[in-house]
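To be precise, the following lines are upload_11.csv, and they hold CSV, C-alpha atoms and all ligand atoms.
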```
chain,number,residue,atom,x,y,z
A,4,MET,CA,-7.2,32.1,4.7
A,5,ALA,CA,-6.6,29.3,2.3
A,6,ASP,CA,-9.6,27.4,3.6
A,7,GLU,CA,-11.5,29.7,1.2
A,8,GLN,CA,-9.6,28.0,-1.6
A,9,SER,CA,-9.6,24.5,-3.2
A,10,HIS,CA,-13.4,24.3,-4.0
A,11,VAL,CA,-13.2,20.6,-5.0
A,12,ASP,CA,-16.5,19.0,-5.9
A,13,GLY,CA,-16.1,15.7,-4.0
A,14,ASP,CA,-19.3,14.2,-5.5
A,15,ARG,CA,-18.0,15.0,-9.0
A,16,VAL,CA,-14.7,13.4,-8.3
A,17,LEU,CA,-16.3,10.2,-7.0
A,18,ALA,CA,-18.8,10.2,-9.9
A,19,ASP,CA,-16.0,10.5,-12.4
A,20,LEU,CA,-14.0,7.6,-10.8
A,21,ARG,CA,-17.1,5.4,-10.8
A,22,ALA,CA,-17.8,6.3,-14.5
A,23,LEU,CA,-14.3,5.1,-15.3
A,24,ARG,CA,-14.8,2.0,-13.3
A,25,SER,CA,-18.0,1.2,-15.3
A,26,ILE,CA,-15.9,1.1,-18.4
A,27,GLY,CA,-14.3,-2.4,-18.5
A,28,ALA,CA,-15.7,-3.3,-15.0
A,29,TYR,CA,-14.5,-6.6,-13.5
A,30,LYS,CA,-16.1,-7.4,-10.1
A,31,THR,CA,-15.4,-4.2,-8.1
A,32,GLY,CA,-12.4,-3.4,-10.2
A,33,VAL,CA,-11.6,-3.2,-13.9
A,34,HIS,CA,-9.9,-5.1,-16.7
A,35,LYS,CA,-8.4,-2.5,-19.1
A,36,PRO,CA,-5.1,-3.8,-20.7
A,37,THR,CA,-3.4,-1.2,-22.8
A,38,PHE,CA,-5.2,-0.6,-26.2
A,39,SER,CA,-8.1,-2.8,-25.2
A,40,GLU,CA,-11.6,-1.5,-26.1
A,41,PRO,CA,-12.3,-0.4,-22.5
A,42,HIS,CA,-8.9,1.4,-22.3
A,43,MET,CA,-9.6,3.3,-25.5
A,44,ARG,CA,-13.1,4.1,-24.3
A,45,SER,CA,-11.6,5.5,-21.1
A,46,LEU,CA,-9.2,7.7,-23.2
A,47,GLU,CA,-12.2,9.0,-25.1
A,48,TRP,CA,-14.1,9.6,-21.9
A,49,LEU,CA,-11.2,11.8,-20.6
A,50,ALA,CA,-10.9,13.6,-24.0
A,51,GLN,CA,-14.6,14.6,-23.7
A,52,ARG,CA,-14.2,15.9,-20.2
A,53,LEU,CA,-11.1,18.1,-20.7
A,54,PRO,CA,-13.0,21.0,-22.5
A,55,GLU,CA,-15.0,21.4,-19.2
A,56,ALA,CA,-11.6,22.6,-17.8
A,57,GLY,CA,-10.9,24.9,-20.7
A,58,LEU,CA,-8.4,22.4,-22.1
A,59,THR,CA,-8.0,21.3,-25.7
A,60,ALA,CA,-7.8,17.5,-25.8
A,61,GLU,CA,-5.6,15.4,-28.0
A,62,ILE,CA,-4.9,11.6,-28.1
A,63,ASP,CA,-1.4,11.3,-29.6
A,64,GLY,CA,0.4,8.7,-31.6
A,65,ILE,CA,1.3,6.5,-28.6
A,66,GLY,CA,-2.0,6.8,-26.8
A,67,ASN,CA,-1.2,9.6,-24.4
A,68,VAL,CA,-4.1,12.0,-23.7
A,69,LEU,CA,-3.1,15.6,-23.3
A,70,GLY,CA,-5.2,18.5,-22.3
A,71,THR,CA,-3.6,21.9,-23.1
A,72,SER,CA,-4.5,25.4,-22.1
A,73,THR,CA,-4.3,28.7,-23.8
A,74,LYS,CA,-4.6,30.6,-20.4
A,75,SER,CA,-1.7,32.9,-19.8
A,76,GLY,CA,0.7,32.4,-16.9
A,77,PRO,CA,2.5,29.4,-15.5
A,78,LYS,CA,1.4,25.9,-16.4
A,79,LEU,CA,1.5,22.8,-14.2
A,80,LEU,CA,1.3,19.4,-15.7
A,81,ALA,CA,-0.7,16.8,-13.8
A,82,GLY,CA,-1.9,13.2,-14.5
A,83,SER,CA,-1.4,9.5,-14.2
A,84,HIS,CA,-2.7,6.6,-16.4
A,85,LEU,CA,-6.0,5.0,-17.4
A,86,GLU,CA,-5.1,1.4,-18.4
A,87,SER,CA,-4.9,-1.3,-15.7
A,88,GLN,CA,-3.2,-4.5,-14.9
A,89,ASN,CA,-5.2,-7.5,-15.9
A,90,HIS,CA,-8.3,-7.9,-13.6
A,91,ALA,CA,-7.1,-5.2,-11.3
A,92,GLY,CA,-8.2,-2.3,-9.2
A,93,TRP,CA,-10.3,0.8,-10.2
A,94,LEU,CA,-8.1,3.5,-8.6
A,95,ASP,CA,-4.5,2.6,-9.8
A,96,GLY,CA,-4.1,5.3,-12.4
A,97,PRO,CA,-7.6,6.8,-12.7
A,98,LEU,CA,-7.3,8.5,-9.3
A,99,GLY,CA,-4.4,10.6,-10.4
A,100,VAL,CA,-6.1,11.4,-13.7
A,101,VAL,CA,-9.4,12.5,-12.1
A,102,TYR,CA,-7.6,14.6,-9.5
A,103,ALA,CA,-5.7,16.3,-12.3
A,104,LEU,CA,-9.0,16.9,-14.2
A,105,GLU,CA,-10.6,18.2,-11.1
A,106,ALA,CA,-7.7,20.6,-10.4
A,107,ALA,CA,-8.0,21.9,-14.0
A,108,ARG,CA,-11.8,22.3,-13.6
A,109,VAL,CA,-11.3,24.3,-10.4
A,110,ILE,CA,-8.2,26.4,-11.2
A,111,ASN,CA,-8.4,27.1,-14.9
A,112,PRO,CA,-11.6,29.1,-15.0
A,113,ASP,CA,-10.8,30.9,-11.7
A,114,PRO,CA,-9.7,34.5,-12.7
A,115,ASN,CA,-8.0,34.7,-9.2
A,116,ALA,CA,-5.9,31.6,-9.8
A,117,ASN,CA,-2.6,32.1,-11.3
A,118,GLY,CA,-1.9,30.0,-14.5
A,119,ALA,CA,-3.4,26.7,-15.5
A,120,VAL,CA,-3.3,23.0,-14.8
A,121,GLU,CA,-2.7,20.8,-17.9
A,122,VAL,CA,-3.8,17.2,-17.8
A,123,ALA,CA,-2.1,14.0,-19.0
A,124,ALA,CA,-3.0,10.3,-19.1
A,125,TRP,CA,0.2,8.4,-19.9
A,126,CYS,CA,-0.2,5.3,-22.0
A,127,ASP,CA,0.9,1.9,-20.8
A,128,GLU,CA,2.3,2.8,-17.4
A,129,GLU,CA,1.3,-0.7,-16.4
A,130,GLY,CA,3.8,-2.1,-18.9
A,131,HIS,CA,1.7,-4.3,-21.1
A,132,PHE,CA,3.9,-3.4,-24.0
A,133,GLY,CA,7.1,-2.1,-22.4
A,134,SER,CA,8.2,0.2,-19.7
A,135,PHE,CA,6.6,3.6,-19.3
A,136,LEU,CA,6.2,3.9,-23.1
A,137,GLY,CA,3.8,6.9,-22.9
A,138,SER,CA,5.7,9.1,-20.5
A,139,ARG,CA,9.0,8.2,-22.1
A,140,SER,CA,7.7,9.2,-25.4
A,141,TYR,CA,6.7,12.6,-24.0
A,142,VAL,CA,10.1,13.3,-22.5
A,143,GLY,CA,11.9,12.2,-25.7
A,144,ALA,CA,13.3,8.9,-24.4
A,145,LEU,CA,11.5,6.6,-26.8
A,146,THR,CA,12.7,5.9,-30.3
A,147,GLU,CA,10.7,4.5,-33.3
A,148,ALA,CA,12.8,1.4,-33.0
A,149,ASP,CA,11.7,1.0,-29.4
A,150,ILE,CA,8.1,1.1,-30.6
A,151,ASP,CA,8.9,-1.4,-33.4
A,152,ALA,CA,10.3,-3.8,-30.8
A,153,ALA,CA,7.4,-3.5,-28.3
A,154,ARG,CA,4.9,-6.4,-27.9
A,155,ASP,CA,2.0,-7.2,-25.7
A,156,ARG,CA,3.4,-9.5,-23.0
A,157,ASN,CA,0.0,-11.4,-22.9
A,158,SER,CA,-1.0,-11.7,-26.6
A,159,ASP,CA,2.2,-11.2,-28.5
A,160,ARG,CA,0.4,-8.5,-30.5
A,161,THR,CA,3.0,-5.9,-31.6
A,162,MET,CA,2.7,-2.3,-30.5
A,163,ARG,CA,2.5,-1.3,-34.2
A,164,GLN,CA,-0.4,-3.7,-34.8
A,165,ALA,CA,-2.2,-2.4,-31.7
A,166,LEU,CA,-1.7,1.3,-32.6
A,167,SER,CA,-3.0,0.6,-36.1
A,168,GLU,CA,-6.0,-1.4,-34.8
A,169,VAL,CA,-7.1,1.5,-32.4
A,170,GLY,CA,-6.6,4.1,-35.1
A,171,LEU,CA,-3.5,5.8,-33.7
A,172,ALA,CA,-0.9,4.7,-36.3
A,173,GLY,CA,0.7,7.6,-38.0
A,174,ARG,CA,-0.4,10.3,-35.5
A,175,PRO,CA,2.3,12.5,-34.2
A,176,ARG,CA,3.6,11.8,-30.7
A,177,ALA,CA,3.3,14.8,-28.3
A,178,ALA,CA,6.6,16.0,-26.9
A,179,ALA,CA,7.3,18.1,-23.9
A,180,GLU,CA,7.9,21.7,-24.8
A,181,PRO,CA,11.0,22.9,-22.9
A,182,GLY,CA,10.1,25.5,-20.3
A,183,ARG,CA,6.3,25.2,-20.8
A,184,HIS,CA,5.6,23.6,-17.4
A,185,ILE,CA,6.7,24.6,-13.9
A,186,GLY,CA,6.6,20.9,-13.1
A,187,TYR,CA,4.6,17.7,-12.9
A,188,LEU,CA,2.3,16.5,-10.0
A,189,GLU,CA,0.8,13.0,-9.8
A,190,ALA,CA,-1.5,11.5,-7.2
A,191,HIS,CA,-1.7,7.7,-6.7
A,192,ILE,CA,-3.0,5.2,-4.2
A,193,GLU,CA,-0.2,4.1,-1.9
A,194,GLN,CA,-0.4,0.4,-2.8
A,195,GLY,CA,1.0,-0.3,0.7
A,196,GLN,CA,-0.3,-0.2,4.3
A,197,ARG,CA,1.7,2.5,5.9
A,198,LEU,CA,-0.8,5.4,5.7
A,199,GLU,CA,-3.7,3.2,6.8
A,200,SER,CA,-1.9,1.6,9.7
A,201,ASP,CA,-0.6,5.0,11.0
A,202,GLY,CA,-4.1,6.6,10.6
A,203,LEU,CA,-2.8,9.1,8.0
A,204,SER,CA,-4.5,10.7,5.0
A,205,ILE,CA,-1.6,11.8,2.7
A,206,GLY,CA,1.7,10.4,1.7
A,207,VAL,CA,4.2,13.1,0.6
A,208,VAL,CA,6.5,11.2,-1.8
A,209,THR,CA,10.2,12.0,-1.3
A,210,SER,CA,11.6,9.8,-4.0
A,211,ILE,CA,10.7,6.9,-6.3
A,212,VAL,CA,13.0,4.0,-5.8
A,213,GLY,CA,15.3,2.7,-8.5
A,214,ILE,CA,15.2,-1.0,-9.5
A,215,TRP,CA,18.5,-2.9,-10.0
A,216,GLN,CA,17.9,-6.3,-11.6
A,217,TYR,CA,20.3,-9.3,-11.9
A,218,ARG,CA,20.4,-12.6,-13.6
A,219,ILE,CA,22.5,-15.1,-11.6
A,220,THR,CA,23.4,-18.2,-13.4
A,221,PHE,CA,24.8,-21.4,-11.8
A,222,ARG,CA,26.5,-24.1,-13.9
A,223,GLY,CA,27.1,-27.5,-12.4
A,224,GLU,CA,26.8,-30.9,-13.9
A,225,GLN,CA,23.6,-32.5,-15.0
A,226,ASN,CA,23.4,-36.2,-14.0
A,227,HIS,CA,21.3,-39.1,-12.8
A,228,ALA,CA,19.5,-38.5,-9.5
A,229,GLY,CA,19.7,-42.1,-8.5
A,230,THR,CA,23.2,-43.2,-9.4
A,231,THR,CA,25.3,-40.1,-8.7
A,232,ARG,CA,26.8,-40.2,-5.2
A,233,MET,CA,26.1,-37.1,-3.0
A,234,ASP,CA,29.8,-36.3,-2.5
A,235,VAL,CA,30.5,-35.9,-6.3
A,236,ARG,CA,27.4,-34.0,-7.3
A,237,LYS,CA,27.6,-30.6,-8.9
A,238,ASP,CA,24.0,-29.6,-8.2
A,239,ALA,CA,23.3,-26.1,-9.6
A,240,GLY,CA,19.9,-26.0,-7.8
A,241,VAL,CA,21.5,-26.4,-4.4
A,242,ALA,CA,24.1,-23.8,-5.1
A,243,LEU,CA,21.3,-21.4,-6.1
A,244,ALA,CA,19.4,-22.1,-2.9
A,245,ARG,CA,22.5,-21.5,-0.8
A,246,LEU,CA,23.1,-18.1,-2.4
A,247,CYS,CA,19.4,-17.2,-1.9
A,248,VAL,CA,19.6,-17.9,1.8
A,249,ALA,CA,23.0,-16.2,2.2
A,250,ILE,CA,21.6,-13.0,0.6
A,251,ASP,CA,18.8,-12.9,3.2
A,252,ASP,CA,21.3,-13.5,6.0
A,253,ARG,CA,23.9,-11.0,5.0
A,254,PHE,CA,22.2,-8.1,3.1
A,255,PRO,CA,20.8,-6.7,6.4
A,256,THR,CA,24.3,-5.9,7.5
A,257,LEU,CA,24.8,-3.4,4.6
A,258,CYS,CA,21.3,-2.4,3.4
A,259,GLY,CA,19.6,0.9,4.0
A,260,PRO,CA,16.5,1.3,6.2
A,261,ARG,CA,14.1,0.8,3.2
A,262,THR,CA,16.1,-1.4,0.9
A,263,VAL,CA,14.1,-4.4,-0.3
A,264,TRP,CA,15.2,-7.4,-2.4
A,265,THR,CA,13.4,-10.2,-4.1
A,266,THR,CA,14.2,-13.4,-5.9
A,267,GLY,CA,11.2,-13.3,-8.2
A,268,ARG,CA,12.0,-16.3,-10.5
A,269,ILE,CA,14.0,-19.5,-10.2
A,270,THR,CA,14.5,-21.9,-13.0
A,271,LEU,CA,16.2,-25.3,-12.8
A,272,ASP,CA,17.5,-26.9,-15.9
A,273,PRO,CA,16.3,-29.4,-17.1
A,274,GLY,CA,13.8,-29.3,-14.2
A,275,ALA,CA,12.9,-32.9,-13.9
A,276,PRO,CA,12.5,-35.0,-10.7
A,277,SER,CA,15.1,-37.6,-11.6
A,278,ILE,CA,17.8,-35.3,-12.9
A,279,ILE,CA,20.3,-33.3,-10.9
A,280,PRO,CA,20.0,-29.7,-12.2
A,281,GLY,CA,23.1,-28.9,-14.3
A,282,ARG,CA,22.1,-25.3,-14.6
A,283,ALA,CA,20.0,-22.9,-12.5
A,284,GLU,CA,19.1,-19.3,-12.9
A,285,MET,CA,17.5,-16.7,-10.5
A,286,LEU,CA,16.2,-13.3,-11.3
A,287,PHE,CA,17.0,-11.1,-8.4
A,288,GLN,CA,16.0,-7.5,-7.8
A,289,ILE,CA,17.1,-4.8,-5.3
A,290,ARG,CA,15.1,-1.6,-4.8
A,291,ASP,CA,16.3,1.6,-3.1
A,292,ASP,CA,16.3,5.3,-3.7
A,293,ASP,CA,20.0,5.6,-2.9
A,294,PRO,CA,22.5,4.4,-5.4
A,295,GLU,CA,25.2,4.7,-2.6
A,296,VAL,CA,23.4,1.9,-0.8
A,297,ILE,CA,23.3,-0.4,-3.9
A,298,GLY,CA,27.1,-0.3,-4.6
A,299,PRO,CA,28.1,-2.2,-1.5
A,300,LEU,CA,25.2,-4.6,-1.8
A,301,GLU,CA,26.1,-5.4,-5.3
A,302,ASP,CA,29.8,-6.0,-4.2
A,303,LEU,CA,28.5,-8.3,-1.5
A,304,LEU,CA,26.3,-10.2,-3.9
A,305,ARG,CA,29.3,-10.7,-6.2
A,306,SER,CA,31.5,-11.8,-3.4
A,307,MET,CA,28.9,-14.3,-2.1
A,308,ALA,CA,28.5,-15.6,-5.6
A,309,ALA,CA,32.3,-16.1,-5.8
A,310,GLU,CA,32.2,-17.9,-2.4
A,311,VAL,CA,29.6,-20.3,-3.7
A,312,ALA,CA,31.7,-20.8,-6.9
A,313,GLY,CA,34.8,-21.3,-4.7
A,314,GLN,CA,33.2,-24.3,-3.1
A,315,GLY,CA,34.2,-25.9,-6.3
A,316,ARG,CA,30.9,-27.5,-7.4
A,317,CYS,CA,29.4,-24.8,-9.7
A,318,ASP,CA,30.4,-21.7,-11.7
A,319,VAL,CA,28.3,-18.7,-10.7
A,320,ALA,CA,27.9,-15.7,-13.0
A,321,VAL,CA,26.2,-12.4,-11.9
A,322,GLU,CA,24.9,-10.2,-14.6
A,323,ARG,CA,23.2,-6.9,-14.0
A,324,LEU,CA,20.2,-6.6,-16.3
A,325,ARG,CA,18.9,-3.3,-15.2
A,326,THR,CA,20.4,-0.3,-13.4
A,327,GLY,CA,18.1,1.6,-11.2
A,328,ALA,CA,17.3,5.2,-11.8
A,329,PRO,CA,15.8,6.5,-8.6
A,330,ALA,CA,14.0,9.8,-8.9
A,331,MET,CA,14.0,12.5,-6.2
A,332,MET,CA,10.8,14.5,-5.8
A,333,ASP,CA,11.2,18.2,-5.9
A,334,ALA,CA,11.5,19.9,-2.4
A,335,ARG,CA,9.1,22.7,-3.3
A,336,PHE,CA,6.5,20.2,-4.5
A,337,GLN,CA,6.8,18.3,-1.2
A,338,HIS,CA,6.3,21.5,0.8
A,339,ALA,CA,3.3,22.4,-1.3
A,340,ILE,CA,1.7,19.0,-0.6
A,341,GLU,CA,2.5,19.3,3.1
A,342,ASP,CA,1.1,22.8,3.4
A,343,ALA,CA,-2.1,21.7,1.6
A,344,SER,CA,-2.3,18.8,3.9
A,345,LEU,CA,-2.2,21.1,6.9
A,346,LEU,CA,-5.3,22.9,5.6
A,347,PHE,CA,-7.3,20.0,4.2
A,348,ALA,CA,-6.1,16.8,5.9
A,349,GLY,CA,-5.5,18.1,9.4
A,350,GLY,CA,-1.8,17.7,8.9
A,351,ARG,CA,-2.1,13.9,8.8
A,352,SER,CA,0.6,13.5,6.2
A,353,LEU,CA,3.9,11.5,6.1
A,354,ARG,CA,6.9,11.9,4.0
A,355,MET,CA,7.7,8.5,2.4
A,356,PRO,CA,9.5,7.0,-0.7
A,357,SER,CA,7.6,5.2,-3.3
A,358,GLY,CA,8.6,1.5,-3.6
A,359,ALA,CA,6.6,1.2,-6.9
A,360,GLY,CA,7.4,2.9,-10.2
A,361,HIS,CA,5.3,5.7,-11.5
A,362,ASP,CA,5.3,8.1,-14.5
A,363,ALA,CA,6.5,10.9,-12.2
A,364,GLN,CA,10.0,9.3,-12.2
A,365,ILE,CA,10.1,9.7,-16.0
A,366,LEU,CA,8.8,13.3,-15.9
A,367,ALA,CA,11.3,14.0,-13.2
A,368,THR,CA,14.1,13.6,-15.8
A,369,ILE,CA,13.0,16.8,-17.5
A,370,MET,CA,11.1,18.9,-14.9
A,371,PRO,CA,10.5,19.2,-11.2
A,372,ALA,CA,8.1,16.5,-10.1
A,373,GLY,CA,6.1,15.6,-7.0
A,374,MET,CA,3.7,12.9,-6.0
A,375,LEU,CA,1.1,12.4,-3.3
A,376,PHE,CA,-0.4,9.2,-2.0
A,377,VAL,CA,-3.8,8.4,-0.5
A,378,PRO,CA,-4.3,5.3,1.7
A,379,SER,CA,-5.0,1.9,0.2
A,380,ILE,CA,-7.4,-0.2,2.2
A,381,GLY,CA,-5.5,-3.2,3.5
A,382,GLY,CA,-2.6,-2.1,1.3
A,383,ILE,CA,-4.1,-4.1,-1.6
A,384,SER,CA,-3.4,-3.2,-5.2
A,385,HIS,CA,-3.0,-4.9,-8.6
A,386,HIS,CA,-6.1,-6.9,-7.5
A,387,TRP,CA,-9.7,-6.2,-8.3
A,388,SER,CA,-10.5,-5.6,-4.6
A,389,GLU,CA,-8.2,-2.6,-4.4
A,390,ASN,CA,-10.0,0.3,-2.7
A,391,THR,CA,-9.8,3.6,-0.8
A,392,GLY,CA,-12.5,5.1,1.4
A,393,ASP,CA,-14.7,7.8,-0.2
A,394,ALA,CA,-13.7,10.3,2.5
A,395,ASP,CA,-10.0,9.6,1.9
A,396,ILE,CA,-10.5,10.0,-1.9
A,397,VAL,CA,-12.2,13.4,-1.4
A,398,THR,CA,-9.5,14.6,1.1
A,399,GLY,CA,-6.8,13.6,-1.3
A,400,ALA,CA,-8.5,15.7,-4.0
A,401,GLU,CA,-8.7,18.7,-1.8
A,402,VAL,CA,-5.0,18.4,-0.9
A,403,PHE,CA,-4.1,17.8,-4.6
A,404,VAL,CA,-6.0,20.8,-5.9
A,405,GLU,CA,-4.7,23.1,-3.2
A,406,ALA,CA,-1.1,21.9,-3.8
A,407,CYS,CA,-1.6,22.7,-7.5
A,408,ARG,CA,-2.9,26.2,-6.7
A,409,ARG,CA,0.0,26.9,-4.4
A,410,LEU,CA,2.6,25.7,-6.9
A,411,LEU,CA,1.1,27.9,-9.6
A,412,ALA,CA,0.9,30.9,-7.2
A,413,THR,CA,4.6,31.1,-6.4
B,501,ZN,ZN,-0.4,3.1,-11.3
```
Once you've parsed the file, please lay out its structure as structure tokens.
Ligand SMILES: [Zn+2]
Amino acid sequence: MADEQSHVDGDRVLADLRALRSIGAYKTGVHKPTFSEPHMRSLEWLAQRLPEAGLTAEIDGIGNVLGTSTKSGPKLLAGSHLESQNHAGWLDGPLGVVYALEAARVINPDPNANGAVEVAAWCDEEGHFGSFLGSRSYVGALTEADIDAARDRNSDRTMRQALSEVGLAGRPRAAAEPGRHIGYLEAHIEQGQRLESDGLSIGVVTSIVGIWQYRITFRGEQNHAGTTRMDVRKDAGVALARLCVAIDDRFPTLCGPRTVWTTGRITLDPGAPSIIPGRAEMLFQIRDDDPEVIGPLEDLLRSMAAEVAGQGRCDVAVERLRTGAPAMMDARFQHAIEDASLLFAGGRSLRMPSGAGHDAQILATIMPAGMLFVPSIGGISHHWSENTGDADIVTGAEVFVEACRRLLAT
């Protein structure tokens, strides 16, 4: 029976996570922006642990940590990230890295286990400098020009400066070796409330949603707020507000069961109390894992924008800034996680899409990929109070390691 398998050391997993929290601690969370001193110390911490799993550690020229094995047989890549959002939680990223490390420590020295787990910590998943720079570099989707252009969104420090300051400039960037890995497995906290509210232990991720982003610009006529009669105004701000409300009224008729949309930023120009806005802009985002759902929604968005323009007061332009690339998780990986959940989580698992982006969506462009979630207390994430119960953390590790073993065995 497979209940003789797994052999996770739960105390070791918790101790490792706490050790990573103590580096750059902030309240009960951490503050580890990409290439900060605590981030670099966390990378070193991992590099020093990897030999315990029979892995050779390397920190590459973009700040990815990779642990590679010389064991024969199939290899499974596993990991997540070690930097954090500013003043954020202790598990977003490190959980997946420590699970991967634990899987490698359990499986790699086991002569009865087929193959090996190789460990990765991808740099800058949290997007301080760009978008998935580390994992994109590994899959060959990041050019030197992309690195030249990358800057810290908080400090304006360029990526080149940062790489040089932390001693990584000039190092080669590790690249995926075609055919080396049977796939990539990542664990992460859910960052939502579904598992907790349903009393479940494991989320089996079916897909990672794509993000479609739009800039919608309204052009009316800037004028005096006191002397311009209401019936002749061309108020770009009002036109924007009308569209915003119309979206919320009409999207539900065409959206999928899990489609979400957000107007995340509104700007009125010139943005003064006594001036009718002549120009307004909204940044609008739609997330779904099905591009077939997005097409009709985008058509509807454009027709509603045309309706607002047709009222004759403002021109409205809809510009797509970003086209979503949803990633489907591999069916075999989903089964392996579910089977492991039956053994180590009493079958308390649920198939669910991920509404947040993860490195697994980048790895999925070159190899089969899978993800599992553990519950987030209160659904809180990207905040220092983010947490998961110790028992859930250990259960997740058991399921993760068993899933790795099963994927390597077949
Ligand atoms: Zn994360």
- [ ] Would you list the contacts of stretch 281-292 of chain A as a PyMOL selection string, taking every protein, DNA or RNA residue within 8 Å and counting only C-alpha atoms, but skipping same-chain residues closer than 4 positions in sequence?
- [x] chain A and resi 210-226+237-240+243+259+261-273+296-297+327+329-331+356+358
TODO: Mind checking which residues fall within 6 Å of A:Thr59, counting all atoms listed in the file, ignoring those fewer than 4 positions away in the same chain, and posting them as an MDAnalysis selection string?
DONE: chainID A and resid 54 70:71
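Comparing the minimum interatomic distances between ligand ZN 501 (chain B) and each of A:Ala148, A:Ala372, A:Ala119, A:Ala190, counting all atoms listed in the file, we find that A:Ala190 sits nearest.
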Check which residues of chain A sit at most 8 Å from ligand ZN 501 (chain B) using only C-alpha atoms and all ligand atoms, and return one row each with the closest pair of atoms and their distance in Å to one decimal, ordered by chain and rising number, as CSV.
```
residue,atom,partner,partner_atom,distance
A:Ser83,CA,B:ZN501,ZN,7.1
A:His84,CA,B:ZN501,ZN,6.6
A:Ser87,CA,B:ZN501,ZN,7.7
A:Asp95,CA,B:ZN501,ZN,4.4
A:Gly96,CA,B:ZN501,ZN,4.4
A:Glu128,CA,B:ZN501,ZN,6.7
A:Glu129,CA,B:ZN501,ZN,6.6
A:His191,CA,B:ZN501,ZN,6.6
A:Ile192,CA,B:ZN501,ZN,7.8
A:Gly360,CA,B:ZN501,ZN,7.9
A:His361,CA,B:ZN501,ZN,6.3
```
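Closest to A:Ala116 among A:Gln196, A:Gln337, A:Gln164, A:Ser9 is A:Ser9, based on all atoms listed in the file.
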Neighbour list for A:Met307 as a short mmCIF file (atom, residue, chain, number, x, y, z; two decimals) with C-alpha atoms, in the coordinates of the input, cut-off 9 Å, only C-alpha atoms, skip fewer than 4 positions in-chain:
```cif
data_model
loop_
_atom_site.label_atom_id
_atom_site.label_comp_id
_atom_site.auth_asym_id
_atom_site.auth_seq_id
_atom_site.Cartn_x
_atom_site.Cartn_y
_atom_site.Cartn_z
CA LEU A 246 23.10 -18.10 -2.40
CA ALA A 249 23.00 -16.20 2.20
CA ILE A 250 21.60 -13.00 0.60
CA ASP A 302 29.80 -6.00 -4.20
CA LEU A 303 28.50 -8.30 -1.50
CA VAL A 311 29.60 -20.30 -3.70
CA ALA A 312 31.70 -20.80 -6.90
#
```
- [ ] Name the residues within 8 Å of (-1.0, 6.6, -25.0), counting all atoms listed in the file in the file's coordinates, and put them as a ChimeraX atom specification.
- [x] /A:62-68,124-127,136-137
TODO: To one decimal in Å, tell me the separation between atom CA of A:Val11 and atom CA of A:Glu401.
DONE: 5.8 Å
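You will find atom CA of A:Gly32 at 23.6 Å from atom CA of A:Val122.
Going from atom CA of A:Asp318 over to atom CA of A:Ser306, you cover 13.0 Å.
In this comparison, which uses only C-alpha atoms, the residue of A:Ala228, A:Ala343, A:Ala412, A:Val207 approaching A:Leu79 most closely is A:Ala412.
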Task: 6 Å contact set for stretch 186-189 of chain A, all atoms listed in the file, chain neighbours under 4 positions out, as a PyMOL selection string - done: chain A and resi 79-82+99+370-374
Open item on the list: Using only C-alpha atoms, which protein or nucleic acid residues come within 7 Å of A:Ala91? Drop anything in the same chain fewer than 2 positions from it, and give the result as JSON, numbers by chain.
Closed with: {"A": [32, 33, 34, 87, 88, 89, 93, 385, 386, 387]}
Open item on the list: Nearest residue to A:Gly92 out of A:Arg160, A:Lys30, A:Arg323, A:Arg139, using all atoms listed in the file?
Closed with: A:Lys30
